[in-house]
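Chemist: Just passing along the structure, written as structure tokens.
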Amino acid sequence: MVPVSPAAGPGFTSWPWLALLALAPVVAAVWAAVAGKPGLGAGLVLGLAALVPGRLVLDLQFAVNGPLTIRPELYLPDRFVGGSAVGAGFWLLVAGHVLTGAAGVLAWRAQRRGEEPERRRWRLLVPLLAVVAAVGLLTAPVLSDNGFLLARAAFEGPWPALGGYLLLAAALPLAAVVALAAPSDHVARGALTGLTAAAFGVAVPPVLAGLLRPDLHVAWGPVVVLLATTVTAGLAFTRLTEKTADTEADLKLPGLFWWRLTTGLLGLVTAFAAVIGTFAPQVAVTALNPGAAPVNASAESPARWFLLTAAVVLAVPALGVLIPKMAAVARPVLGLAWAGIVLAGTAVLNTALTAAEAGNLAGFGGAAPGAAAPAFTYDLGAGAGWTFAALVLAVLAALAAVGTGVVEREDAGNGAEQAKSLLAPFVAGGVLAVAAFGLPVFSVPGYVAPGLWSNFDTPSWGLLTALVVVVGAAALALRSRPKPAAALLFAAALLTALHAAELPLVGGALGDASPAPGFWLALATVGVLLGAAGMSAGRRTS
């Protein structure tokens, strides 16, 4: 009800909706406490508090650079605003987040017990739904025809907002897992419901803005958040404690079949989307001036063959997961191969984003004499859309592969850990991988490749993802049985080899490319990881 800035007010009458979103879960928590259900009330507060850090950092964008905020329910300028000024509403937002966080700490201390949780149903489905919601949070919250509201996805936005969205996206799955680990069913139900209410507080306002303002439109990301979290809240009020099956086969085998089927199909669909993204146009051009000359806007990415190769690398283990005799070996490979789609897909998307931005900046060149309007608009084409879809599907395939791995491990039991003598090659492979992914694999005169330590750009997120996956696989192999450990290390070597393949696949498209230090380090990493995989495969489970 109080403006967050003197420079701009809400874009529509939002305070009744925002009051409902803020007060409804708190009223429910108070009612639960009064009705003799303190666990349910404490869980609601814990769920609300789980997203407080992300929401707090997201709101800091008002103070850092208000005109770049995409929060039409609180701030929508009707003129050019050159600076940031905050009002009393901003400090009330901050105080509300801090107090909610403090309430969460008190609720956690009140419900802290030493009891072991029961075996929960939905322990794989609910985190998967939370990851789907997290993906929705990272997309553009609203579509805009308003010249004073530049709607864009989290990774294209300023750092305070990006940090907030990343914290929200990370907190959703983590909080869902912690909620299911609560010893009490009441606390687990309340936490999942509170988490849903907190997600609604982020996703509902942009949907309302798209519905209530003619110059704004509903985007798909917040809708996905609402659908995924609604299903989560519905599952929270089903039976959470898993019944003991009469036989172990009744409990494990059907679940394993369906998880492998889901994982394999997601892998194949991801590869299919990446193939379409390889060949479809990355930039779409719309002529605004009928007399403008035609424009060639194919904007083919030099990384398109890199993306095609990554799709093939993913499709092979995805098919293997669907074959029962190969599934146990193919699943760990697919569990890492998805990162190749992210590695190559971010490079392809960088071309589309750069071409669209540069085209719009230069679009005035084709206008009629004396006209101020541009002759063309440049937007992301179908290829960029399919590539982004492949990135989202790759993350879902990764989560499905993790779920399948959990079920496989339960089915096989806890095997022997790797011997300490294998620690050295695992650590060496991880250290070399950091250097290999941190340095460019090729050099081209006049071209500076995106990296982790300098020139951080969209492809850098792909490099970071692949690096985390490779290092994580090496660490996980130390805790795995010999054959699964060998499969993990082989997959890590395959992903590193895909990174080295950027030299011919991307550098060759740019022309006059030569090997850089990262290429040789990548080859060394591949050799060490393959050697460790061979040593692991040669060991016997005690």
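Simple scheme: letters A, B, ... for chains in structure tokens order, numbers from 1 for residues in each chain, numbers from 1 for ligands in the order shown.
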Which neighbours of region 323-338 of chain A fall inside 10 Å, counting only C-alpha atoms, when residues of the same chain fewer than 2 positions from it are skipped, and could you give them as a JSON list (two decimals) with C-alpha atoms, in the first residue's frame?

Modeler:
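What landed in result-v7.json:
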[["chain", "number", "residue", "atom", "x", "y", "z"],
["A", 257, "PHE", "CA", 11.32, -49.59, -14.68],
["A", 260, "ARG", "CA", 14.45, -45.65, -16.41],
["A", 261, "LEU", "CA", 11.72, -45.19, -18.99],
["A", 263, "THR", "CA", 14.97, -40.86, -17.95],
["A", 264, "GLY", "CA", 15.56, -42.40, -21.37],
["A", 267, "GLY", "CA", 17.13, -37.78, -22.86],
["A", 270, "THR", "CA", 16.25, -33.32, -25.19],
["A", 271, "ALA", "CA", 18.48, -34.51, -28.03],
["A", 310, "ALA", "CA", 26.27, -32.86, -27.97],
["A", 311, "ALA", "CA", 22.82, -34.09, -29.02],
["A", 312, "VAL", "CA", 24.33, -37.28, -30.45],
["A", 313, "VAL", "CA", 26.43, -37.78, -27.31],
["A", 314, "LEU", "CA", 23.25, -37.57, -25.23],
["A", 315, "ALA", "CA", 21.03, -39.66, -27.51],
["A", 316, "VAL", "CA", 23.29, -42.74, -27.39],
["A", 317, "PRO", "CA", 23.12, -43.31, -23.59],
["A", 318, "ALA", "CA", 19.43, -42.29, -23.62],
["A", 319, "LEU", "CA", 18.75, -45.22, -25.93],
["A", 320, "GLY", "CA", 20.92, -47.42, -23.72],
["A", 321, "VAL", "CA", 18.83, -46.56, -20.64],
["A", 340, "GLY", "CA", 27.01, -31.21, -22.88],
["A", 341, "ILE", "CA", 23.67, -29.80, -24.08],
["A", 342, "VAL", "CA", 24.05, -26.91, -21.63],
["A", 343, "LEU", "CA", 27.68, -26.42, -22.66],
["A", 390, "ALA", "CA", 16.66, -28.34, -24.88],
["A", 391, "LEU", "CA", 18.38, -26.67, -21.92],
["A", 393, "LEU", "CA", 14.71, -30.61, -20.85],
["A", 394, "ALA", "CA", 18.37, -31.39, -20.15],
["A", 395, "VAL", "CA", 17.95, -30.28, -16.54],
["A", 396, "LEU", "CA", 14.82, -32.43, -16.21],
["A", 397, "ALA", "CA", 16.68, -35.39, -17.72],
["A", 398, "ALA", "CA", 19.46, -34.85, -15.19],
["A", 399, "LEU", "CA", 17.00, -34.89, -12.29],
["A", 400, "ALA", "CA", 15.36, -38.03, -13.66],
["A", 401, "ALA", "CA", 18.78, -39.67, -13.97],
["A", 402, "VAL", "CA", 19.54, -38.81, -10.34],
["A", 404, "THR", "CA", 16.90, -43.43, -11.25],
["A", 405, "GLY", "CA", 20.30, -43.69, -9.61],
["A", 408, "GLU", "CA", 19.10, -48.39, -8.53],
["A", 466, "ALA", "CA", 30.04, -28.80, -17.18],
["A", 469, "VAL", "CA", 29.30, -31.92, -13.24],
["A", 470, "VAL", "CA", 32.77, -33.33, -14.02],
["A", 472, "GLY", "CA", 31.06, -33.78, -8.90],
["A", 473, "ALA", "CA", 31.28, -37.05, -10.83],
["A", 483, "LYS", "CA", 31.34, -50.52, -12.04],
["A", 484, "PRO", "CA", 29.14, -47.46, -11.47],
["A", 485, "ALA", "CA", 32.27, -45.49, -10.56],
["A", 486, "ALA", "CA", 33.91, -46.52, -13.83],
["A", 487, "ALA", "CA", 30.80, -45.44, -15.74],
["A", 488, "LEU", "CA", 30.82, -42.05, -13.98],
["A", 489, "LEU", "CA", 34.49, -41.47, -14.77],
["A", 490, "PHE", "CA", 34.01, -42.53, -18.39],
["A", 491, "ALA", "CA", 31.11, -40.07, -18.70],
["A", 492, "ALA", "CA", 33.23, -37.31, -17.14],
["A", 493, "ALA", "CA", 35.98, -38.05, -19.67],
["A", 494, "LEU", "CA", 33.40, -37.98, -22.48],
["A", 495, "LEU", "CA", 32.10, -34.58, -21.38],
["A", 498, "LEU", "CA", 33.30, -32.82, -25.92]]

Chemist: Using DSSP on the backbone coordinates, identify the residues of region 154-272 of chain A assigned to strand (DSSP E or B); present them as a PDB file with all heavy atoms, in the first residue's frame.

Modeler:
ATOM      1  N   LEU A 216       0.883  -5.493 -21.215  1.00  0.00           N
ATOM      2  CA  LEU A 216       1.654  -6.605 -20.667  1.00  0.00           C
ATOM      3  C   LEU A 216       0.916  -7.904 -20.937  1.00  0.00           C
ATOM      4  O   LEU A 216      -0.315  -7.925 -21.044  1.00  0.00           O
ATOM      5  CB  LEU A 216       1.877  -6.436 -19.159  1.00  0.00           C
ATOM      6  CG  LEU A 216       2.595  -5.164 -18.697  1.00  0.00           C
ATOM      7  CD1 LEU A 216       2.713  -5.132 -17.179  1.00  0.00           C
ATOM      8  CD2 LEU A 216       3.981  -5.060 -19.330  1.00  0.00           C
ATOM      9  N   HIS A 217       1.672  -8.994 -21.036  1.00  0.00           N
ATOM     10  CA  HIS A 217       1.083 -10.293 -21.375  1.00  0.00           C
ATOM     11  C   HIS A 217       1.671 -11.369 -20.470  1.00  0.00           C
ATOM     12  O   HIS A 217       2.823 -11.278 -20.030  1.00  0.00           O
ATOM     13  CB  HIS A 217       1.338 -10.627 -22.847  1.00  0.00           C
ATOM     14  CG  HIS A 217       0.980  -9.517 -23.782  1.00  0.00           C
ATOM     15  ND1 HIS A 217      -0.316  -9.193 -24.110  1.00  0.00           N
ATOM     16  CD2 HIS A 217       1.765  -8.626 -24.428  1.00  0.00           C
ATOM     17  CE1 HIS A 217      -0.329  -8.173 -24.939  1.00  0.00           C
ATOM     18  NE2 HIS A 217       0.928  -7.804 -25.152  1.00  0.00           N
ATOM     19  N   VAL A 218       0.892 -12.389 -20.220  1.00  0.00           N
ATOM     20  CA  VAL A 218       1.318 -13.481 -19.337  1.00  0.00           C
ATOM     21  C   VAL A 218       2.413 -14.295 -20.021  1.00  0.00           C
ATOM     22  O   VAL A 218       2.275 -14.698 -21.183  1.00  0.00           O
ATOM     23  CB  VAL A 218       0.122 -14.385 -18.979  1.00  0.00           C
ATOM     24  CG1 VAL A 218       0.577 -15.569 -18.127  1.00  0.00           C
ATOM     25  CG2 VAL A 218      -0.952 -13.582 -18.257  1.00  0.00           C
ATOM     26  N   THR A 241       3.756 -40.856   4.532  1.00  0.00           N
ATOM     27  CA  THR A 241       4.576 -41.968   5.009  1.00  0.00           C
ATOM     28  C   THR A 241       4.343 -43.184   4.127  1.00  0.00           C
ATOM     29  O   THR A 241       3.198 -43.581   3.904  1.00  0.00           O
ATOM     30  CB  THR A 241       4.238 -42.310   6.459  1.00  0.00           C
ATOM     31  OG1 THR A 241       4.429 -41.144   7.259  1.00  0.00           O
ATOM     32  CG2 THR A 241       5.144 -43.429   6.975  1.00  0.00           C
TER      33      THR A 241
END

Chemist: Counting only C-alpha atoms, which residues in region 201-228 of chain A sit no more than 12 Å from region 52-62 of chain A? For each one, give the nearest pair of atoms and the distance in Å, sorted by chain then residue number, as a tab-separated table.

Modeler:
residue	atom	partner	partner_atom	distance
A:Gly201	CA	A:Arg55	CA	9.4
A:Val202	CA	A:Arg55	CA	8.0
A:Ala203	CA	A:Arg55	CA	11.5

Chemist: Store the residues picked out above, limited to N, CA and C atoms, as a compact mmCIF listing (two decimals), in the first residue's frame.

Modeler:
# COMPACT_ATOMS: atom_id res chain seq x y z
N GLY A 201 3.73 -16.05 -3.99
CA GLY A 201 4.02 -14.65 -3.78
C GLY A 201 4.95 -14.07 -4.82
N VAL A 202 5.76 -14.91 -5.44
CA VAL A 202 6.67 -14.46 -6.50
C VAL A 202 6.01 -14.56 -7.88
N ALA A 203 5.24 -15.62 -8.12
CA ALA A 203 4.75 -15.91 -9.47
C ALA A 203 3.39 -15.30 -9.77

Chemist: Go through A:Ala161, A:Arg121, A:Val187, A:Thr139 one by one, measure the shortest atom-to-atom distance of each to Leu40 (chain A) using only C-alpha atoms, and give the residue with the smallest value.

Modeler: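 Distance minimum relative to Leu40 (chain A) lands on A:Val187.
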
Chemist: Nearest residue to Val441 (chain A) out of A:Asn455, A:Glu502, A:Leu476, A:Leu99, using only C-alpha atoms?

Modeler: A:Glu502

Chemist: Calculated over only C-alpha atoms, which of the candidates A:Leu138, A:Arg152, A:Pro38, A:Pro425 has the smallest distance to Gly534 (chain A)?

Modeler: A:Pro425

Chemist: Got a sec: who's within 6 Å of Ala344 (chain A), counting only C-alpha atoms, leaving out chain neighbours fewer than 3 positions off, as a PDB file with all heavy atoms, in the first residue's frame?

Modeler:
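What ended up in out.pdb:
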ATOM      1  N   PHE A 306      28.596 -27.981 -32.792  1.00  0.00           N
ATOM      2  CA  PHE A 306      28.919 -28.374 -31.423  1.00  0.00           C
ATOM      3  C   PHE A 306      27.657 -28.865 -30.715  1.00  0.00           C
ATOM      4  O   PHE A 306      27.665 -29.898 -30.030  1.00  0.00           O
ATOM      5  CB  PHE A 306      29.533 -27.168 -30.708  1.00  0.00           C
ATOM      6  CG  PHE A 306      30.057 -27.451 -29.323  1.00  0.00           C
ATOM      7  CD1 PHE A 306      30.611 -28.668 -28.990  1.00  0.00           C
ATOM      8  CD2 PHE A 306      30.006 -26.456 -28.351  1.00  0.00           C
ATOM      9  CE1 PHE A 306      31.100 -28.922 -27.712  1.00  0.00           C
ATOM     10  CE2 PHE A 306      30.493 -26.688 -27.079  1.00  0.00           C
ATOM     11  CZ  PHE A 306      31.039 -27.919 -26.757  1.00  0.00           C
ATOM     12  N   LEU A 307      26.544 -28.141 -30.910  1.00  0.00           N
ATOM     13  CA  LEU A 307      25.271 -28.544 -30.310  1.00  0.00           C
ATOM     14  C   LEU A 307      24.778 -29.856 -30.909  1.00  0.00           C
ATOM     15  O   LEU A 307      24.255 -30.719 -30.193  1.00  0.00           O
ATOM     16  CB  LEU A 307      24.231 -27.440 -30.517  1.00  0.00           C
ATOM     17  CG  LEU A 307      22.831 -27.709 -29.953  1.00  0.00           C
ATOM     18  CD1 LEU A 307      22.879 -27.945 -28.452  1.00  0.00           C
ATOM     19  CD2 LEU A 307      21.894 -26.555 -30.281  1.00  0.00           C
ATOM     20  N   ILE A 341      24.700 -30.626 -23.449  1.00  0.00           N
ATOM     21  CA  ILE A 341      23.671 -29.798 -24.080  1.00  0.00           C
ATOM     22  C   ILE A 341      23.735 -28.377 -23.531  1.00  0.00           C
ATOM     23  O   ILE A 341      23.610 -27.392 -24.275  1.00  0.00           O
ATOM     24  CB  ILE A 341      22.275 -30.404 -23.843  1.00  0.00           C
ATOM     25  CG1 ILE A 341      22.172 -31.794 -24.492  1.00  0.00           C
ATOM     26  CG2 ILE A 341      21.184 -29.486 -24.366  1.00  0.00           C
ATOM     27  CD1 ILE A 341      22.217 -31.775 -25.996  1.00  0.00           C
ATOM     28  N   ALA A 347      26.303 -21.615 -25.834  1.00  0.00           N
ATOM     29  CA  ALA A 347      27.104 -20.992 -26.889  1.00  0.00           C
ATOM     30  C   ALA A 347      26.233 -20.611 -28.086  1.00  0.00           C
ATOM     31  O   ALA A 347      26.394 -19.546 -28.690  1.00  0.00           O
ATOM     32  CB  ALA A 347      28.224 -21.936 -27.319  1.00  0.00           C
TER      33      ALA A 347
END

Chemist: Show me, as a PyMOL selection string, the residues that have an atom within 9 Å of Ser14 (chain A) when counting only C-alpha atoms, minus same-chain residues fewer than 3 positions from it.

Modeler: chain A and resi 1+10-11+17-19+73-74+205+208-209

Chemist: Quick one: residues within 10 Å of Gly9 (chain A), only C-alpha atoms counted, chain neighbours fewer than 4 positions away excluded, as a ChimeraX atom specification?

Modeler: /A:2-5,13,72-78

Chemist: Those selected residues, please, written with C-alpha atoms and delivered as a short mmCIF file (atom, residue, chain, number, x, y, z; two decimals), in the first residue's frame.

Modeler:
data_model
loop_
_atom_site.label_atom_id
_atom_site.label_comp_id
_atom_site.auth_asym_id
_atom_site.auth_seq_id
_atom_site.Cartn_x
_atom_site.Cartn_y
_atom_site.Cartn_z
CA VAL A 2 3.02 2.30 0.48
CA PRO A 3 5.07 3.14 -2.67
CA VAL A 4 8.47 1.49 -2.93
CA SER A 5 9.80 4.50 -4.87
CA THR A 13 -4.28 -1.87 -8.35
CA PRO A 72 4.93 -4.07 -12.39
CA GLU A 73 2.84 -4.84 -9.30
CA LEU A 74 5.06 -2.43 -7.32
CA TYR A 75 6.98 -0.29 -9.82
CA LEU A 76 6.09 0.66 -13.39
CA PRO A 77 7.32 4.05 -14.68
CA ASP A 78 5.21 6.07 -17.12
#

Chemist: Have a look at A:Ala424, A:Leu21, A:Ala182, A:Val406 and name the one nearest to Gly39 (chain A); count only C-alpha atoms.

Modeler: A:Ala182

Chemist: State, in Å with one decimal place, the distance from CA of Thr69 (chain A) to CA of Ala175 (chain A).

Modeler: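 Value for the CA of Thr69 (chain A)-CA of Ala175 (chain A) distance: 26.2 Å.
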
Chemist: Return the single residue from A:Ala500, A:Ala533, A:Ala176, A:Leu521 that is closest to Pro482 (chain A), with distances computed using only C-alpha atoms.

Modeler: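 Among A:Ala500, A:Ala533, A:Ala176, A:Leu521, it is A:Ala533 that comes nearest to Pro482 (chain A).
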
Chemist: Which residues, written as a VMD selection string, have at least one atom at most 12 Å from Leu46 (chain A), with only C-alpha atoms counted and residues fewer than 3 positions away on the same chain left out?

Modeler: chain A and resid 25 to 26 29 39 to 43 49 to 52 100 to 112 175 to 176 178 to 179 182 187 to 198

Chemist: Go through A:Pro504, A:Pro16, A:Gly96, A:Pro158 one by one, measure the shortest atom-to-atom distance of each to Pro67 (chain A) using only C-alpha atoms, and give the residue with the smallest value.

Modeler: A:Pro158
